[in-house]
Structures are given as C-alpha cells and as structure tokens.
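One file, protein.pdb, is given below (PDB, N, CA and C atoms, pLDDT in the B column).
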```pdb
ATOM      1  N   MET A 552     183.058  33.794 134.997  1.00 76.00           N
ATOM      2  CA  MET A 552     182.083  34.623 135.664  1.00 76.00           C
ATOM      3  C   MET A 552     182.769  35.291 136.865  1.00 76.00           C
ATOM      4  N   PRO A 553     182.575  36.595 137.021  1.00 91.00           N
ATOM      5  CA  PRO A 553     183.177  37.299 138.159  1.00 91.00           C
ATOM      6  C   PRO A 553     182.701  36.711 139.493  1.00 91.00           C
ATOM      7  N   GLU A 554     183.579  36.729 140.471  1.00 94.00           N
ATOM      8  CA  GLU A 554     183.299  36.126 141.776  1.00 94.00           C
ATOM      9  C   GLU A 554     182.054  36.720 142.439  1.00 94.00           C
ATOM     10  N   GLU A 555     181.915  38.036 142.376  1.00 95.00           N
ATOM     11  CA  GLU A 555     180.763  38.692 143.004  1.00 95.00           C
ATOM     12  C   GLU A 555     179.448  38.238 142.355  1.00 95.00           C
ATOM     13  N   ARG A 556     179.460  38.132 141.053  1.00 95.00           N
ATOM     14  CA  ARG A 556     178.257  37.693 140.337  1.00 95.00           C
ATOM     15  C   ARG A 556     177.941  36.225 140.657  1.00 95.00           C
ATOM     16  N   ARG A 557     178.975  35.386 140.745  1.00 93.00           N
ATOM     17  CA  ARG A 557     178.773  33.972 141.066  1.00 93.00           C
ATOM     18  C   ARG A 557     178.161  33.824 142.455  1.00 93.00           C
ATOM     19  N   ARG A 558     178.661  34.601 143.424  1.00 96.00           N
ATOM     20  CA  ARG A 558     178.121  34.541 144.784  1.00 96.00           C
ATOM     21  C   ARG A 558     176.670  35.010 144.831  1.00 96.00           C
ATOM     22  N   ALA A 559     176.339  36.060 144.077  1.00 96.00           N
ATOM     23  CA  ALA A 559     174.963  36.563 144.032  1.00 96.00           C
ATOM     24  C   ALA A 559     174.030  35.511 143.425  1.00 96.00           C
ATOM     25  N   LEU A 560     174.495  34.842 142.389  1.00 94.00           N
ATOM     26  CA  LEU A 560     173.692  33.791 141.757  1.00 94.00           C
ATOM     27  C   LEU A 560     173.472  32.624 142.715  1.00 94.00           C
ATOM     28  N   GLU A 561     174.526  32.192 143.399  1.00 92.00           N
ATOM     29  CA  GLU A 561     174.405  31.106 144.379  1.00 92.00           C
ATOM     30  C   GLU A 561     173.429  31.481 145.488  1.00 92.00           C
ATOM     31  N   SER A 562     173.480  32.720 145.939  1.00 95.00           N
ATOM     32  CA  SER A 562     172.575  33.187 146.980  1.00 95.00           C
ATOM     33  C   SER A 562     171.126  33.157 146.500  1.00 95.00           C
ATOM     34  N   ALA A 563     170.895  33.624 145.292  1.00 94.00           N
ATOM     35  CA  ALA A 563     169.539  33.622 144.736  1.00 94.00           C
ATOM     36  C   ALA A 563     169.009  32.208 144.577  1.00 94.00           C
ATOM     37  N   VAL A 564     169.833  31.295 144.056  1.00 92.00           N
ATOM     38  CA  VAL A 564     169.418  29.907 143.865  1.00 92.00           C
ATOM     39  C   VAL A 564     169.109  29.257 145.208  1.00 92.00           C
ATOM     40  N   SER A 565     169.935  29.495 146.216  1.00 93.00           N
ATOM     41  CA  SER A 565     169.690  28.877 147.524  1.00 93.00           C
ATOM     42  C   SER A 565     168.410  29.423 148.163  1.00 93.00           C
ATOM     43  N   GLN A 566     168.117  30.705 147.984  1.00 94.00           N
ATOM     44  CA  GLN A 566     166.885  31.273 148.528  1.00 94.00           C
ATOM     45  C   GLN A 566     165.654  30.691 147.833  1.00 94.00           C
ATOM     46  N   ILE A 567     165.726  30.528 146.524  1.00 94.00           N
ATOM     47  CA  ILE A 567     164.608  29.942 145.775  1.00 94.00           C
ATOM     48  C   ILE A 567     164.387  28.499 146.206  1.00 94.00           C
ATOM     49  N   LYS A 568     165.471  27.733 146.336  1.00 91.00           N
ATOM     50  CA  LYS A 568     165.345  26.337 146.772  1.00 91.00           C
ATOM     51  C   LYS A 568     164.789  26.253 148.187  1.00 91.00           C
ATOM     52  N   LYS A 569     165.193  27.167 149.051  1.00 93.00           N
ATOM     53  CA  LYS A 569     164.716  27.176 150.426  1.00 93.00           C
ATOM     54  C   LYS A 569     163.212  27.465 150.473  1.00 93.00           C
ATOM     55  N   GLN A 570     162.765  28.416 149.648  1.00 95.00           N
ATOM     56  CA  GLN A 570     161.360  28.818 149.670  1.00 95.00           C
ATOM     57  C   GLN A 570     160.460  27.834 148.931  1.00 95.00           C
ATOM     58  N   TYR A 571     160.914  27.312 147.781  1.00 93.00           N
ATOM     59  CA  TYR A 571     160.055  26.490 146.935  1.00 93.00           C
ATOM     60  C   TYR A 571     160.444  25.022 146.890  1.00 93.00           C
ATOM     61  N   GLY A 572     161.565  24.646 147.486  1.00 89.00           N
ATOM     62  CA  GLY A 572     161.985  23.256 147.522  1.00 89.00           C
ATOM     63  C   GLY A 572     162.951  22.906 146.398  1.00 89.00           C
ATOM     64  N   ASP A 573     163.594  21.736 146.569  1.00 83.00           N
ATOM     65  CA  ASP A 573     164.537  21.266 145.554  1.00 83.00           C
ATOM     66  C   ASP A 573     163.805  21.006 144.245  1.00 83.00           C
ATOM     67  N   GLY A 574     164.439  21.321 143.160  1.00 79.00           N
ATOM     68  CA  GLY A 574     163.838  21.108 141.849  1.00 79.00           C
ATOM     69  C   GLY A 574     163.115  22.343 141.330  1.00 79.00           C
ATOM     70  N   ALA A 575     162.950  23.372 142.164  1.00 85.00           N
ATOM     71  CA  ALA A 575     162.284  24.592 141.723  1.00 85.00           C
ATOM     72  C   ALA A 575     163.151  25.329 140.699  1.00 85.00           C
ATOM     73  N   VAL A 576     164.449  25.254 140.893  1.00 87.00           N
ATOM     74  CA  VAL A 576     165.399  25.878 139.968  1.00 87.00           C
ATOM     75  C   VAL A 576     166.670  25.037 139.997  1.00 87.00           C
ATOM     76  N   MET A 577     167.284  24.887 138.848  1.00 80.00           N
ATOM     77  CA  MET A 577     168.528  24.121 138.781  1.00 80.00           C
ATOM     78  C   MET A 577     169.363  24.615 137.610  1.00 80.00           C
ATOM     79  N   ARG A 578     170.630  24.335 137.687  1.00 80.00           N
ATOM     80  CA  ARG A 578     171.542  24.722 136.611  1.00 80.00           C
ATOM     81  C   ARG A 578     171.543  23.666 135.522  1.00 80.00           C
ATOM     82  N   LEU A 579     171.838  24.091 134.331  1.00 80.00           N
ATOM     83  CA  LEU A 579     171.901  23.186 133.196  1.00 80.00           C
ATOM     84  C   LEU A 579     172.914  22.087 133.472  1.00 80.00           C
ATOM     85  N   GLY A 580     172.530  20.834 133.257  1.00 76.00           N
ATOM     86  CA  GLY A 580     173.402  19.703 133.479  1.00 76.00           C
ATOM     87  C   GLY A 580     173.356  19.164 134.901  1.00 76.00           C
ATOM     88  N   GLU A 581     172.626  19.826 135.787  1.00 74.00           N
ATOM     89  CA  GLU A 581     172.532  19.441 137.182  1.00 74.00           C
ATOM     90  C   GLU A 581     171.210  18.731 137.476  1.00 74.00           C
ATOM     91  N   ALA A 582     170.381  18.572 136.476  1.00 68.00           N
ATOM     92  CA  ALA A 582     169.030  18.047 136.656  1.00 68.00           C
ATOM     93  C   ALA A 582     169.036  16.625 137.219  1.00 68.00           C
ATOM     94  N   THR A 583     168.128  16.411 138.130  1.00 70.00           N
ATOM     95  CA  THR A 583     167.882  15.073 138.643  1.00 70.00           C
ATOM     96  C   THR A 583     166.558  14.614 138.049  1.00 70.00           C
ATOM     97  N   HIS A 584     166.387  13.348 137.916  1.00 71.00           N
ATOM     98  CA  HIS A 584     165.162  12.835 137.323  1.00 71.00           C
ATOM     99  C   HIS A 584     164.106  12.634 138.391  1.00 71.00           C
ATOM    100  N   LEU A 585     162.920  13.129 138.110  1.00 71.00           N
ATOM    101  CA  LEU A 585     161.805  12.950 139.007  1.00 71.00           C
ATOM    102  C   LEU A 585     160.921  11.836 138.463  1.00 71.00           C
ATOM    103  N   ALA A 586     160.419  11.000 139.341  1.00 80.00           N
ATOM    104  CA  ALA A 586     159.507   9.945 138.916  1.00 80.00           C
ATOM    105  C   ALA A 586     158.131  10.569 138.710  1.00 80.00           C
ATOM    106  N   VAL A 587     157.665  10.570 137.463  1.00 84.00           N
ATOM    107  CA  VAL A 587     156.391  11.182 137.122  1.00 84.00           C
ATOM    108  C   VAL A 587     155.496  10.125 136.486  1.00 84.00           C
ATOM    109  N   GLU A 588     154.297   9.964 137.033  1.00 91.00           N
ATOM    110  CA  GLU A 588     153.342   9.052 136.410  1.00 91.00           C
ATOM    111  C   GLU A 588     152.821   9.706 135.141  1.00 91.00           C
ATOM    112  N   ALA A 589     152.635   8.893 134.103  1.00 93.00           N
ATOM    113  CA  ALA A 589     152.189   9.440 132.826  1.00 93.00           C
ATOM    114  C   ALA A 589     151.127   8.548 132.202  1.00 93.00           C
ATOM    115  N   ILE A 590     150.291   9.163 131.398  1.00 95.00           N
ATOM    116  CA  ILE A 590     149.263   8.457 130.648  1.00 95.00           C
ATOM    117  C   ILE A 590     149.772   8.327 129.219  1.00 95.00           C
ATOM    118  N   PRO A 591     150.014   7.116 128.733  1.00 96.00           N
ATOM    119  CA  PRO A 591     150.506   6.943 127.372  1.00 96.00           C
ATOM    120  C   PRO A 591     149.506   7.490 126.341  1.00 96.00           C
ATOM    121  N   THR A 592     150.026   8.108 125.286  1.00 95.00           N
ATOM    122  CA  THR A 592     149.156   8.671 124.258  1.00 95.00           C
ATOM    123  C   THR A 592     148.819   7.659 123.176  1.00 95.00           C
ATOM    124  N   GLY A 593     149.592   6.583 123.093  1.00 95.00           N
ATOM    125  CA  GLY A 593     149.397   5.616 122.019  1.00 95.00           C
ATOM    126  C   GLY A 593     150.334   5.875 120.852  1.00 95.00           C
ATOM    127  N   SER A 594     151.012   7.015 120.888  1.00 96.00           N
ATOM    128  CA  SER A 594     151.976   7.371 119.856  1.00 96.00           C
ATOM    129  C   SER A 594     153.367   7.340 120.488  1.00 96.00           C
ATOM    130  N   LEU A 595     154.166   6.344 120.122  1.00 95.00           N
ATOM    131  CA  LEU A 595     155.488   6.183 120.721  1.00 95.00           C
ATOM    132  C   LEU A 595     156.341   7.434 120.539  1.00 95.00           C
ATOM    133  N   SER A 596     156.311   8.025 119.344  1.00 96.00           N
ATOM    134  CA  SER A 596     157.151   9.203 119.098  1.00 96.00           C
ATOM    135  C   SER A 596     156.718  10.387 119.959  1.00 96.00           C
ATOM    136  N   LEU A 597     155.422  10.563 120.173  1.00 95.00           N
ATOM    137  CA  LEU A 597     154.942  11.647 121.036  1.00 95.00           C
ATOM    138  C   LEU A 597     155.307  11.381 122.493  1.00 95.00           C
ATOM    139  N   ASP A 598     155.137  10.144 122.940  1.00 92.00           N
ATOM    140  CA  ASP A 598     155.500   9.786 124.313  1.00 92.00           C
ATOM    141  C   ASP A 598     156.977  10.049 124.578  1.00 92.00           C
ATOM    142  N   LEU A 599     157.831   9.705 123.622  1.00 92.00           N
ATOM    143  CA  LEU A 599     159.269   9.959 123.778  1.00 92.00           C
ATOM    144  C   LEU A 599     159.577  11.451 123.769  1.00 92.00           C
ATOM    145  N   ALA A 600     158.890  12.198 122.906  1.00 93.00           N
ATOM    146  CA  ALA A 600     159.119  13.643 122.821  1.00 93.00           C
ATOM    147  C   ALA A 600     158.702  14.346 124.111  1.00 93.00           C
ATOM    148  N   LEU A 601     157.658  13.845 124.761  1.00 90.00           N
ATOM    149  CA  LEU A 601     157.213  14.442 126.017  1.00 90.00           C
ATOM    150  C   LEU A 601     158.191  14.177 127.151  1.00 90.00           C
ATOM    151  N   GLY A 602     159.009  13.139 126.998  1.00 85.00           N
ATOM    152  CA  GLY A 602     160.086  12.881 127.947  1.00 85.00           C
ATOM    153  C   GLY A 602     159.719  12.064 129.170  1.00 85.00           C
ATOM    154  N   VAL A 603     158.431  11.811 129.389  1.00 87.00           N
ATOM    155  CA  VAL A 603     158.038  11.026 130.562  1.00 87.00           C
ATOM    156  C   VAL A 603     157.208   9.807 130.172  1.00 87.00           C
ATOM    157  N   GLY A 604     157.102   9.548 128.881  1.00 89.00           N
ATOM    158  CA  GLY A 604     156.366   8.367 128.428  1.00 89.00           C
ATOM    159  C   GLY A 604     154.889   8.603 128.212  1.00 89.00           C
ATOM    160  N   GLY A 605     154.484   9.841 128.097  1.00 92.00           N
ATOM    161  CA  GLY A 605     153.080  10.179 127.870  1.00 92.00           C
ATOM    162  C   GLY A 605     152.765  11.536 128.463  1.00 92.00           C
ATOM    163  N   ILE A 606     151.480  11.743 128.717  1.00 93.00           N
ATOM    164  CA  ILE A 606     151.037  13.006 129.307  1.00 93.00           C
ATOM    165  C   ILE A 606     151.149  12.876 130.822  1.00 93.00           C
ATOM    166  N   PRO A 607     151.884  13.781 131.479  1.00 91.00           N
ATOM    167  CA  PRO A 607     152.060  13.676 132.930  1.00 91.00           C
ATOM    168  C   PRO A 607     150.726  13.761 133.666  1.00 91.00           C
ATOM    169  N   ARG A 608     150.553  12.907 134.668  1.00 89.00           N
ATOM    170  CA  ARG A 608     149.343  12.956 135.505  1.00 89.00           C
ATOM    171  C   ARG A 608     149.474  14.100 136.497  1.00 89.00           C
ATOM    172  N   GLY A 609     148.334  14.699 136.818  1.00 80.00           N
ATOM    173  CA  GLY A 609     148.317  15.710 137.860  1.00 80.00           C
ATOM    174  C   GLY A 609     148.202  17.059 137.304  1.00 80.00           C
TER     175      GLY A 609
END
```
Using structure tokens, write down the structure that the file contains.
Amino acid sequence: MPEERRRALESAVSQIKKQYGDGAVMRLGEATHLAVEAIPTGSLSLDLALGVGGIPRG
C-alpha cells in the first residue's frame, strides 16, 4: 500500500476511534473480544454460529 494512502487510512481510523470509541472500527485480525451477555437459544449449533453463545442481550 502506498505510504500516502496508508497515512490517510490511519488518520481516518484514529478519528473514528476518537469520536465513537475503541471497537467502532478495526482492521481484520486486530479484533479484541468483547464480553457480551447472551440468551441461549437452546440450539447449540445456532448459539455457536452467532458467536456469543446465543442472542446478544441489549
């Protein structure tokens, strides 16, 4: 990626994080896990597919 484009992307990401907080935008592979309360559906395969163990609360 050209240096100018990389700097513009970093600037945009930092502005978004500043305005909306950490986790508002992230790069692929940089994700941190958030603790999310979930309501189990009773279907193990669906709970796993949803990624948080059920339907997220809130």
Write out as a VMD selection string each polymer residue whose atoms come within 6 Å of Pro591 (chain A), counting all atoms listed in the file; drop sequence neighbours fewer than 5 positions from it. chain A and resid 604 to 606
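Put simply, CA of Ser565 (chain A) is 19.5 Å away from atom C of His584 (chain A).
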Quick one: distance from atom C of Glu561 (chain A) to atom N of Ala586 (chain A) in Å, one decimal?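 Those two atoms sit 25.0 Å apart.
With all atoms listed in the file as the atoms that count, the residue of A:Glu554, A:Met577, A:Ser594, A:Glu588 with the shortest distance to Arg608 (chain A) is A:Glu588.
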Taking every listed atom of region 575-591 of chain A and adding 3 Å to each side, what centre and edge lengths in Å (one decimal) does the axis-aligned box have, as JSON?
```
{"center_x": 161.3, "center_y": 16.4, "center_z": 134.3, "size_x": 30.1, "size_y": 24.9, "size_z": 21.8}
```
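Atom pair atom C of Asp598 (chain A) / CA of Asp573 (chain A): separated by 25.0 Å.
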Taking only chain A into account, list the residues labelled strand (DSSP E) by DSSP (computed from the backbone), as a list of chain:residue names. A:Ala589, A:Ile590, A:Ile606, A:Pro607
